[in-house]
Amino acid sequence: MATDVSPGLGIGMVGYSFMGAAHSQAWRNAPRFFDLPLAPQMRVLAGRNREAATAAAERLGWDEVETSWQQLVDRDDVDLVDVCTPGDTHAEIAIAALEAGKHVLCEKPLANTVEEAEKMVAAAEAVAGKGQVAMVGFTYRRVPAIQLARRLVVDGRIGTVRHVRAQYLQDWLADENTPLSWRLDKTKAGSGALGDIGAHVVDLAQFITGEQITSVAGHLQTFVAERPVATEFAGLSGRGGTERGPVTVDDAAVFLARMSGGGIGVFEATRFASGRKNAIRIEINGSKGSLAFDFEDMNVLHFLDTEDGAELGGFRRIVVTEPEHAYVAHWWPAGHGLGYEHAFTHQAVDLIEAIAAGERPAPTFADGLAVQRVLAAVERSAESGAGWVEP
Ligand code: SOE
């Protein structure tokens, strides 16, 4: 029988699809694998359809159900609101939760527009002095290999950044008959591949290098202009009927970038890269070394140190599964490796620890706004054809 039970942190989550399932897994597992100062209590899940939300709550481990996010936000037993909804509702839910005295974790991208993101940052700043925290869910920062990449940059092991080569390649929309979903509706998602997955590589490039993207020149492409209306949809796939509807977002985004340290970047985000499932590929070339990572081999970081010389040089293949690596000591022994879901658990752990310590966990809403500004600049560049645009 546990005697030293940590005080509880009541969690309320809005939304229960793919991200809701990933976040639920994180709240369940965080206290089982990490010694936490606050014990997350999965108190309530909010969903408009009571029957579906009740089934999700039972499957994902939530105590109760509300059919409106406002009721969830108003509950006294909710200390933290976890926003796992499409982007068009991020701002209203997060701002209401902050104004109700709650901590907030909000899925990425922070919002659908810079204006919304600015309001979210203002709401977070207004309550920061009360110890309320607000975090945006760029979870890939918390993959151990990405943490090691960041550490190597901080330690000066690659020198001055010259090139950032960042791709996020998926193929779940390569089939023209994959039906419409909210991620293909601009009013819901704000943008397509650009915001859904391009946001991740923008955040990762800025996180790993510690630099900002200072200008971009971009192009957006929609390959398939209309699709079947979904008769059933789950996660990222579904079934469509004979009715068809328009795709109102980009299918792929490509853009050049200038970095604040004087380097340059090449970015690509697409959900049409047939054969690539969740390939986040980042290569950074510096004056003293290089880093290369591919999420489809997520427990490995490739590192080149120019000091190694020609004869014995070349990329080292570091298997990032040792207890010395970030987070790994809490999981499996003898290099058994981690998966997609572990970064969500690390996010929950770091958020809980920051709340207990009265600290502000990164990525903050301000970090989310910085990404939003880059996304908007890419859209302006693509729409105007004017080339370089500043975020
Ligand atoms: C779909 O592209 C998606 O679910 C993204 O929305 C997530 O942020 C990413 O982690 C996995 O792919």
# chains A, B, ... in the order shown; residues from 1 in each chain; ligands from 1
$ closest_atom_pairs --of "chain A" --to "ligand 1" --cutoff "7 Å" --atoms "only C-alpha atoms and all ligand atoms" --output "tab-separated table"
residue	atom	partner	partner_atom_place_in_ligand_line	distance
A:Phe18	CA	ligand 1	4 (O)	6.8
A:Lys108	CA	ligand 1	8 (O)	6.6
A:Asp196	CA	ligand 1	6 (O)	5.0
A:Ile197	CA	ligand 1	2 (O)	5.6
A:Leu236	CA	ligand 1	1 (C)	6.9
A:Asn278	CA	ligand 1	11 (C)	6.9
$ write_last_selection --atoms "all heavy atoms" --output "PDB file, in the first residue's frame"
ATOM      1  N   PHE A  18      -7.144  10.938 -31.869  1.00  0.00           N
ATOM      2  CA  PHE A  18      -5.759  10.468 -31.876  1.00  0.00           C
ATOM      3  C   PHE A  18      -4.948  11.158 -30.769  1.00  0.00           C
ATOM      4  O   PHE A  18      -4.341  10.496 -29.922  1.00  0.00           O
ATOM      5  CB  PHE A  18      -5.173  10.773 -33.249  1.00  0.00           C
ATOM      6  CG  PHE A  18      -3.761  10.352 -33.504  1.00  0.00           C
ATOM      7  CD1 PHE A  18      -3.001   9.697 -32.555  1.00  0.00           C
ATOM      8  CD2 PHE A  18      -3.189  10.608 -34.732  1.00  0.00           C
ATOM      9  CE1 PHE A  18      -1.688   9.314 -32.808  1.00  0.00           C
ATOM     10  CE2 PHE A  18      -1.872  10.228 -35.006  1.00  0.00           C
ATOM     11  CZ  PHE A  18      -1.135   9.590 -34.034  1.00  0.00           C
ATOM     12  N   LYS A 108      -0.578  21.201 -30.648  1.00  0.00           N
ATOM     13  CA  LYS A 108      -0.011  22.071 -31.678  1.00  0.00           C
ATOM     14  C   LYS A 108      -0.852  21.950 -32.949  1.00  0.00           C
ATOM     15  O   LYS A 108      -1.608  21.015 -33.110  1.00  0.00           O
ATOM     16  CB  LYS A 108       1.428  21.684 -31.974  1.00  0.00           C
ATOM     17  CG  LYS A 108       1.766  20.216 -32.064  1.00  0.00           C
ATOM     18  CD  LYS A 108       0.901  19.363 -32.965  1.00  0.00           C
ATOM     19  CE  LYS A 108       0.947  19.749 -34.417  1.00  0.00           C
ATOM     20  NZ  LYS A 108       0.015  18.915 -35.267  1.00  0.00           N
ATOM     21  N   ASP A 196      -0.039  21.367 -39.637  1.00  0.00           N
ATOM     22  CA  ASP A 196      -0.186  20.098 -38.929  1.00  0.00           C
ATOM     23  C   ASP A 196       1.172  19.490 -38.625  1.00  0.00           C
ATOM     24  O   ASP A 196       1.465  19.107 -37.494  1.00  0.00           O
ATOM     25  CB  ASP A 196      -0.995  19.133 -39.808  1.00  0.00           C
ATOM     26  CG  ASP A 196      -1.210  17.800 -39.141  1.00  0.00           C
ATOM     27  OD1 ASP A 196      -1.269  17.759 -37.891  1.00  0.00           O
ATOM     28  OD2 ASP A 196      -1.305  16.795 -39.850  1.00  0.00           O
ATOM     29  N   ILE A 197       2.047  19.402 -39.625  1.00  0.00           N
ATOM     30  CA  ILE A 197       3.345  18.760 -39.420  1.00  0.00           C
ATOM     31  C   ILE A 197       4.523  19.695 -39.694  1.00  0.00           C
ATOM     32  O   ILE A 197       5.579  19.573 -39.066  1.00  0.00           O
ATOM     33  CB  ILE A 197       3.480  17.471 -40.262  1.00  0.00           C
ATOM     34  CG1 ILE A 197       3.163  17.714 -41.728  1.00  0.00           C
ATOM     35  CG2 ILE A 197       2.584  16.390 -39.671  1.00  0.00           C
ATOM     36  CD1 ILE A 197       3.329  16.454 -42.593  1.00  0.00           C
ATOM     37  N   LEU A 236      -6.416   8.716 -38.448  1.00  0.00           N
ATOM     38  CA  LEU A 236      -6.077   9.430 -39.686  1.00  0.00           C
ATOM     39  C   LEU A 236      -6.638   8.711 -40.902  1.00  0.00           C
ATOM     40  O   LEU A 236      -6.240   8.981 -42.026  1.00  0.00           O
ATOM     41  CB  LEU A 236      -4.561   9.539 -39.808  1.00  0.00           C
ATOM     42  CG  LEU A 236      -3.865  10.352 -38.716  1.00  0.00           C
ATOM     43  CD1 LEU A 236      -2.359  10.361 -38.939  1.00  0.00           C
ATOM     44  CD2 LEU A 236      -4.396  11.763 -38.657  1.00  0.00           C
ATOM     45  N   ASN A 278       5.991   8.307 -40.802  1.00  0.00           N
ATOM     46  CA  ASN A 278       6.121   9.441 -39.882  1.00  0.00           C
ATOM     47  C   ASN A 278       7.574   9.861 -39.832  1.00  0.00           C
ATOM     48  O   ASN A 278       8.241   9.843 -38.822  1.00  0.00           O
ATOM     49  CB  ASN A 278       5.620   9.066 -38.469  1.00  0.00           C
ATOM     50  CG  ASN A 278       5.177  10.298 -37.691  1.00  0.00           C
ATOM     51  OD1 ASN A 278       4.508  11.174 -38.226  1.00  0.00           O
ATOM     52  ND2 ASN A 278       5.595  10.382 -36.444  1.00  0.00           N
TER      53      ASN A 278
END
$ residues_around --residues "A:Asp76" --least-positions-apart "6" --cutoff "12 Å" --atoms "only C-alpha atoms" --output "list in words"
Leu9, Gly10, Ile11, Gly12, Arg43, Val44, Ala97, Ala100, Gly101 and Lys102 of chain A
$ residues_around --residues "A:Val229" --least-positions-apart "3" --cutoff "6 Å" --atoms "only C-alpha atoms" --output "VMD selection string"
chain A and resid 179 to 180 240 243 to 245
$ closest_atom_pairs --of "stretch 136-224 of chain A" --to "stretch 317-323 of chain A" --cutoff "10 Å" --atoms "only C-alpha atoms" --output "Markdown table"
| residue | atom | partner | partner_atom | distance |
| --- | --- | --- | --- | --- |
| A:Val143 | CA | A:Val320 | CA | 9.5 |
| A:Pro144 | CA | A:Val320 | CA | 6.6 |
| A:Ala145 | CA | A:Val320 | CA | 5.7 |
| A:Ile146 | CA | A:Val320 | CA | 9.5 |
| A:Gln147 | CA | A:Val320 | CA | 9.8 |
| A:Leu148 | CA | A:Val320 | CA | 8.1 |
$ residues_around --residues "stretch 293-303 of chain A" --least-positions-apart "5" --cutoff "10 Å" --atoms "only C-alpha atoms" --output "ChimeraX atom specification"
/A:140,143-146,148-149,152,157-158,166-168,276-285,314-321,335-340
$ closest_residue --among "A:Val133, A:Asp175, A:Ser6, A:Lys186" --to "A:Asp88" --atoms "only C-alpha atoms"
A:Lys186
$ closest_residue --among "A:Leu304, A:Val247, A:Val201, A:Leu291" --to "A:Pro109" --atoms "only C-alpha atoms"
A:Val201
$ residues_around --residues "A:Gly137" --least-positions-apart "2" --cutoff "8 Å" --atoms "only C-alpha atoms" --output "MDAnalysis selection string"
chainID A and resid 105:109 135 139 347 363
$ select_by_dssp --residues "stretch 79-228 of chain A" --states "strand (DSSP E)" --output "ChimeraX atom specification"
/A:80-83,103-106,134-136,161-169,213-221,226-228
$ atom_distance --atom1 "atom CA of A:Val202" --atom2 "atom CA of A:Ala329"
28.6 Å
$ residues_around --residues "A:Ser274" --least-positions-apart "6" --cutoff "8 Å" --atoms "only C-alpha atoms" --output "list in words"
Gln170, Asp171 and Ala174 of chain A
$ residues_around --residues "A:Val153" --least-positions-apart "5" --cutoff "8 Å" --atoms "only C-alpha atoms" --output "PDB file with N, CA, C and O atoms, in the first residue's frame"
ATOM      1  N   ILE A 158      28.902  21.084 -32.668  1.00  0.00           N
ATOM      2  CA  ILE A 158      28.820  21.199 -34.134  1.00  0.00           C
ATOM      3  C   ILE A 158      29.224  22.596 -34.607  1.00  0.00           C
ATOM      4  O   ILE A 158      29.180  22.878 -35.800  1.00  0.00           O
ATOM      5  N   GLY A 159      29.578  23.462 -33.667  1.00  0.00           N
ATOM      6  CA  GLY A 159      30.040  24.790 -34.051  1.00  0.00           C
ATOM      7  C   GLY A 159      28.912  25.666 -34.555  1.00  0.00           C
ATOM      8  O   GLY A 159      27.774  25.561 -34.115  1.00  0.00           O
ATOM      9  N   ILE A 208      16.440  22.804 -31.506  1.00  0.00           N
ATOM     10  CA  ILE A 208      17.760  22.149 -31.539  1.00  0.00           C
ATOM     11  C   ILE A 208      18.873  23.182 -31.728  1.00  0.00           C
ATOM     12  O   ILE A 208      19.890  23.156 -31.040  1.00  0.00           O
ATOM     13  N   THR A 209      18.656  24.143 -32.640  1.00  0.00           N
ATOM     14  CA  THR A 209      19.717  25.127 -32.915  1.00  0.00           C
ATOM     15  C   THR A 209      19.758  26.237 -31.873  1.00  0.00           C
ATOM     16  O   THR A 209      20.779  26.903 -31.721  1.00  0.00           O
TER      17      THR A 209
END
$ atom_distance --atom1 "atom CA of A:Gly289" --atom2 "atom CA of A:Ala199"
25.7 Å
$ closest_residue --among "A:Asn177, A:Thr242, A:Thr248, A:Gln132" --to "A:Ser191" --atoms "only C-alpha atoms"
A:Thr248
